[in-house]
Amino acid sequence: MRAAARVVAEADRSGATRLTVLRGESPLLLRRTGPHRPAVTVHLVGGAAGPLRGDDLRLEIEVGPGADLEIRSVAATLLLPGRPAPPSRLHIKASVEGSLRWLPEPTIAAAGCDHHAITEVEVAEGGALLWRDDLVCGRHHEPSGAVRADTTIRYAGRTLYRHRLTVGPDAPGWSGAAVLGQARATGSVILAGTDLPDPYRPAETAAVMPLAGPGVLATVVGADIREVRAALDPLCTPQPAATTAA
């Protein structure tokens, strides 16, 4: 299966965000689910099972100056095995001049899947990005399928973050601590821009570090996705403004 989706968010003269392009093909269906001010919120809706081996999926995201877009998904993405075929593939390309929050539900690598995820994000100077990815290695009481995730985030034309995560039976070091050790879930949050929260250490299994530019990386491993969420959710939840007593 081949499918493509595209969303373009722009700010109008009043500063409100509007979607000038919102289109997709099953299983990459896009639905606007409300303004949820200040951001316009769009959900990814799975219109078919998978991805399965052989699927080639592409998602393009464009956020113009002054626009504020949040993208979520209605359910976890379940990577599935299929007929003998090349690995399934999801290629995400994003261009951000305003503000983008990418907050999908976790990806689950079912036993026997073979998947390659490619993420490329370009953030213009003055833009803001929150990018979250959570991965669960196998369903309950089953081994992980094969996943390779390549992520590159650039800010103002310079590479801010480049990372490859490979898990599954053929991954180097899978049987030892070189990848995830005994952990069954992992997650990361990348924040890019000038208005960033203070770095913090949310859990013993987490690492939080500044990037070589206006950015912060938080990455977590855990026995299950609940541990990952408990550690990373605070970074993804807007904090109320501090008040000063009279």
# chains A, B, ... in the order shown; residues from 1 in each chain; ligands from 1
>>> residues_around(residues="stretch 186-190 of chain A", least_positions_apart="4", cutoff="9 Å", atoms="only C-alpha atoms", output="PyMOL selection string")
chain A and resi 106+129-137+153+161+180+215-225+228-229+232+235-236
>>> select_by_dssp(residues="stretch 109-245 of chain A", states="helix (DSSP H, G or I)", output="list in words")
Ile225, Arg226, Glu227, Val228, Arg229, Ala230, Ala231, Leu232, Asp233, Pro234, Leu235 and Cys236 of chain A
>>> closest_residue(among="A:Ala207, A:Ala146, A:Leu90, A:Leu69", to="A:Met1", atoms="only C-alpha atoms")
A:Leu90
>>> atom_distance(atom1="atom CA of A:Pro87", atom2="atom CA of A:Gly46")
18.9 Å
>>> closest_residue(among="A:Gly112, A:Gly127, A:Pro234, A:Pro38", to="A:Glu97", atoms="only C-alpha atoms")
A:Gly127
